[in-house]
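A.B. asks: I have a structure I would like to understand better, so I am pasting it below and will then ask my questions one at a time.
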2 protein chains.
Amino acid sequence: MKKNIPHRKNKHAVNRVTGKEIADMLGISAMTVSRAINNRGYIHEETRQKVVAAAKKMGYSPNNIAKSLVLKKTHTIGVVIPEITHSFFPEAIRGIEEVTYRAHYDLILTHSAEDAKRERDAIRTLESKRVDGILISMAESVEDHKTYKELIAIGVPIVFFDRCVAGIGASCVSIDDELSAMKITEHLLAHGYKRVAHLSGPKDVSIGRARLNGFKRALAARGIVCHPELVIDSGFHESGGYAAMKKLLALPKAQQPRAVVAVNDPAAFGAMRAIQERGLRIPEDIAIAGFSDDIRAAMMPVPLTTVRQPAYEVGRLAALKLLGLIEGKSPAIEEIIVQTEQVIRKSCGCH
Amino acid sequence: MKKNIPHRKNKHAVNRVTGKEIADMLGISAMTVSRAINNRGYIHEETRQKVVAAAKKMGYSPNNIAKSLVLKKTHTIGVVIPEITHSFFPEAIRGIEEVTYRAHYDLILTHSAEDAKRERDAIRTLESKRVDGILISMAESVEDHKTYKELIAIGVPIVFFDRCVAGIGASCVSIDDELSAMKITEHLLAHGYKRVAHLSGPKDVSIGRARLNGFKRALAARGIVCHPELVIDSGFHESGGYAAMKKLLALPKAQQPRAVVAVNDPAAFGAMRAIQERGLRIPEDIAIAGFSDDIRAAMMPVPLTTVRQPAYEVGRLAALKLLGLIEGKSPAIEEIIVQTEQVIRKSCGCH
DNA sequence: TTGTACGCGTTATCAA
DNA sequence: TTGATAACGCGTACAA
């Protein structure tokens, strides 16, 4: 049982001028002040100017809390991201912000730190703050979609981005991970590499599965067998990529891969380190491709071939879709796919 | 004159269960529901459980808008940053978020895009939303501190971070740019370089001035003359660093610098490109040091010596100070300085 | 232990 | 063109 701390009016609160106070000072009604300040409804021009002048002089700042209460509209959007530092999300936020700024919506940013419970708390808070809509990129550890389903059932406008939940009845903006992974794998195969390995992400995250599938499909399309020992779980981080690559290098020489497709760039960085520590050359001994065009990819000792994810565009489109939902202009549920772009650099050895 | 769009209750609003509705359903008063849900004041345990169960079944979500209105407290902090993509800010936000999450505050994130007007609008919006406090990192183009002064005069808790305004009567968390720049310059001088240039930031931004001063103080401390032609304005970006370095390389051979201290890493990257395009070697022909420990610094063809700014720590301390202000635990105005750390790599040629 | 009355700051509505 | 009233959903203060 929690302690019974008494609620009380905030002692430290800033005392603000209210519309009523302006009204009293001017000997008019609060309603007229409201009309003047919002320049709405019929109002005598002279009155309007008097009110605006008084408001300015008195340092009036309209109370959007009260406004939101009566209008049932906060002009605020909640954003839930699983990671702040990973460069994809700052970029995506920039895209979101670009759209919401123009439409005069504000952003409440929450961070799940890849934790399901923390994500659920964040969503609850956003609900309590009555945001007009929510943008979510799902945390890795989420297994239960109940919270999402409840939101959707209630009718809270919601758009998933980057990490989506299929068939849940909500719109979603993402890149085509499977197709992109297939294409980059095909790029390596086309160059003649036969034994190609995959450093795979967590299987319970959709992008992990999708990229693995793309990898397999590319092999299948060429009738190449996918050797199980060449598909190693690396997770999304550098350390996992390093460990996974070491396992591959521990295989008998004949079984070692000639090329590697990593689930993302950090994993590729780890793998590159493992390769070089072994004294092997990239791409002469082992070619490698990443995924995500991390800002560091171009600056590696051997620049990394990768797939560029248009994060800004993903954020922008997700925000646009959400505003469409909120304002009823675009009520349909959509799955929006943003195309990726291959960035061919030295690490794949394809000239 | 703006069009008179009639206000109306939001048609698309989600209809939520209210405390009163739970009360009616249970045949009790709204007040008892409030007490049950907040577990506050005297309440019969049985009643409490009944209410909590009903609330859960009916999908109750407390309306924090209404709560904020009556309590004059939003449990929300406004953050104003000038740049989203620059890795310093995501890191700082992570530090802020870490603190505010634990204290159960939410973050409204706004972005000035280095634009003074946009920053002012952001602050106004945050005021209207009645955030409990504001964290600001000033936009480059801000010349007039009136908006800040008004906030401070009214008593809005506010803490500047990274980019501060001296003597304005607000707390501030930043790194010691001048001292750090002095130390990194001294590091180069200690290695025997005599002609050292500085690629300087905008003079009207405090960190630009501070780093320049630090550079000059280091020279002065060794009795070395600061040649005006070796201090070139580069701004904060790669392109500016590139252009500035080209100007230095256009000087007569004898006047060219043996080493360069850049105002930040992006400027240093630009300079490195200019040096290498000229066919000169780093550090054999020209040594260089940056500032900020950009994620790319370690991965340059010649790894860049630089100064690490503990962005996370800056954000964390700023948020802590703000919460102290908001809750009256730490009302004093403080200028908090976070120490930097030198990261010595190959580009400075000091072994 | 529970309920009633009132207020938070604003806007919609309808009357003046 | 302006004003009075009620309402938004909740919490404080006090009464029952």
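By order in the structure tokens, chains are A, B, ...; within a chain, residues start at 1; ligands start at 1, following the order shown.
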How close does range 59-125 of chain A get to chain C? List, as a tab-separated table, each residue of range 59-125 of chain A within 9 Å, its nearest atom pair and the distance in Å to one decimal, counting only C-alpha atoms (C1' of nucleotides).
C.D. replies:
residue	atom	partner	partner_atom	distance
A:Pro62	CA	C:DG9	C1'	8.7
A:Asn63	CA	C:DG9	C1'	6.6
A:Asn64	CA	C:DT10	C1'	8.3
A:Ile65	CA	C:DG9	C1'	8.0
A:Ala66	CA	C:DG9	C1'	5.1
A:Lys67	CA	C:DT10	C1'	5.1
A:Ser68	CA	C:DT10	C1'	8.5
A:Leu69	CA	C:DT10	C1'	8.1
A:Val70	CA	C:DT11	C1'	6.6
A:Leu71	CA	C:DT11	C1'	7.5
A.B. asks: Up to 7 Å from chain C, what residues of chain B turn up? Count only C-alpha atoms (C1' of nucleotides) and give them as a ChimeraX atom specification.
C.D. replies: /B:29,32,42-44,69-70
A.B. asks: Compute the chain D side of the contact with chain B at 12 Å, counting only C-alpha atoms (C1' of nucleotides), and hand it back as a list of chain:residue names.
C.D. replies: D:DA7, D:DC8, D:DG9, D:DC10, D:DG11, D:DT12
A.B. asks: Excluding same-chain residues fewer than 3 positions from range 221-236 of chain B, what lies within 7 Å of it counting only C-alpha atoms (C1' of nucleotides), as an MDAnalysis selection string?
C.D. replies: chainID B and resid 197:202 216:218 240:241 244 264 266:267
A.B. asks: With N, CA and C atoms retained, export the selected residues as a PDB file, in the first residue's frame.
C.D. replies:
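Contents of part-v3.pdb, as written:
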ATOM      1  N   ALA B 197      47.183  26.931 -35.946  1.00  0.00           N
ATOM      2  CA  ALA B 197      46.026  27.711 -36.407  1.00  0.00           C
ATOM      3  C   ALA B 197      44.776  27.311 -35.643  1.00  0.00           C
ATOM      4  N   HIS B 198      43.780  28.176 -35.715  1.00  0.00           N
ATOM      5  CA  HIS B 198      42.488  27.842 -35.102  1.00  0.00           C
ATOM      6  C   HIS B 198      41.364  28.053 -36.111  1.00  0.00           C
ATOM      7  N   LEU B 199      40.555  27.012 -36.276  1.00  0.00           N
ATOM      8  CA  LEU B 199      39.337  27.168 -37.067  1.00  0.00           C
ATOM      9  C   LEU B 199      38.249  27.521 -36.078  1.00  0.00           C
ATOM     10  N   SER B 200      37.787  28.759 -36.127  1.00  0.00           N
ATOM     11  CA  SER B 200      36.913  29.235 -35.058  1.00  0.00           C
ATOM     12  C   SER B 200      35.434  29.167 -35.433  1.00  0.00           C
ATOM     13  N   GLY B 201      34.599  29.055 -34.407  1.00  0.00           N
ATOM     14  CA  GLY B 201      33.148  29.033 -34.601  1.00  0.00           C
ATOM     15  C   GLY B 201      32.608  30.452 -34.699  1.00  0.00           C
ATOM     16  N   PRO B 202      31.308  30.568 -34.851  1.00  0.00           N
ATOM     17  CA  PRO B 202      30.699  31.896 -34.905  1.00  0.00           C
ATOM     18  C   PRO B 202      31.016  32.664 -33.620  1.00  0.00           C
ATOM     19  N   LYS B 216      43.759  31.108 -27.540  1.00  0.00           N
ATOM     20  CA  LYS B 216      44.674  32.244 -27.373  1.00  0.00           C
ATOM     21  C   LYS B 216      45.425  32.182 -26.049  1.00  0.00           C
ATOM     22  N   ARG B 217      44.699  31.777 -25.011  1.00  0.00           N
ATOM     23  CA  ARG B 217      45.355  31.724 -23.700  1.00  0.00           C
ATOM     24  C   ARG B 217      46.490  30.709 -23.680  1.00  0.00           C
ATOM     25  N   ALA B 218      46.275  29.606 -24.393  1.00  0.00           N
ATOM     26  CA  ALA B 218      47.330  28.597 -24.429  1.00  0.00           C
ATOM     27  C   ALA B 218      48.576  29.148 -25.110  1.00  0.00           C
ATOM     28  N   GLY B 240      32.335  24.367 -43.713  1.00  0.00           N
ATOM     29  CA  GLY B 240      33.065  25.541 -43.258  1.00  0.00           C
ATOM     30  C   GLY B 240      34.502  25.201 -42.895  1.00  0.00           C
ATOM     31  N   GLY B 241      34.684  24.034 -42.308  1.00  0.00           N
ATOM     32  CA  GLY B 241      36.035  23.600 -41.956  1.00  0.00           C
ATOM     33  C   GLY B 241      36.879  23.379 -43.204  1.00  0.00           C
ATOM     34  N   ALA B 244      37.704  26.831 -44.687  1.00  0.00           N
ATOM     35  CA  ALA B 244      38.678  27.546 -43.862  1.00  0.00           C
ATOM     36  C   ALA B 244      40.077  26.964 -44.054  1.00  0.00           C
ATOM     37  N   ASN B 264      35.300  22.348 -33.645  1.00  0.00           N
ATOM     38  CA  ASN B 264      34.608  21.097 -33.332  1.00  0.00           C
ATOM     39  C   ASN B 264      34.994  20.009 -34.344  1.00  0.00           C
ATOM     40  N   PRO B 266      33.210  18.224 -36.696  1.00  0.00           N
ATOM     41  CA  PRO B 266      32.826  18.373 -38.106  1.00  0.00           C
ATOM     42  C   PRO B 266      33.754  19.335 -38.842  1.00  0.00           C
ATOM     43  N   ALA B 267      34.060  20.466 -38.231  1.00  0.00           N
ATOM     44  CA  ALA B 267      34.987  21.400 -38.874  1.00  0.00           C
ATOM     45  C   ALA B 267      36.337  20.715 -39.108  1.00  0.00           C
TER      46      ALA B 267
END
A.B. asks: Which one is closest to chain B: A:Arg273, A:Arg120, A:Arg102, A:Arg130? Count only C-alpha atoms.
C.D. replies: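 For chain B, the nearest of the candidates is A:Arg130.
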A.B. asks: With 8 Å as the limit and counting only C-alpha atoms, what residues in chain B lie close to chain A? Please list them as a ChimeraX atom specification.
C.D. replies: /B:2,4-6,8-10,12-15,39-41,61-66,68-73,84-85,87,90-91,93-94,97,106-111,124,127-130,132,154-156,295-296,299-301,326-328
A.B. asks: Could you give me the residues within range 94-299 of chain B that DSSP places in strand (DSSP E), as JSON, numbers by chain?
C.D. replies: {"B": [106, 107, 108, 109, 110, 111, 133, 134, 135, 136, 158, 159, 160, 161, 171, 172, 173, 174, 175, 196, 197, 198, 199, 200, 231, 232, 233, 259, 260, 261, 262, 287, 288, 289]}
A.B. asks: Assign secondary structure with DSSP using the backbone only, and return the residues of range 173-289 of chain B in alpha helix (DSSP H) as a ChimeraX atom specification.
C.D. replies: /B:177-190,206-221,238-249,265-277
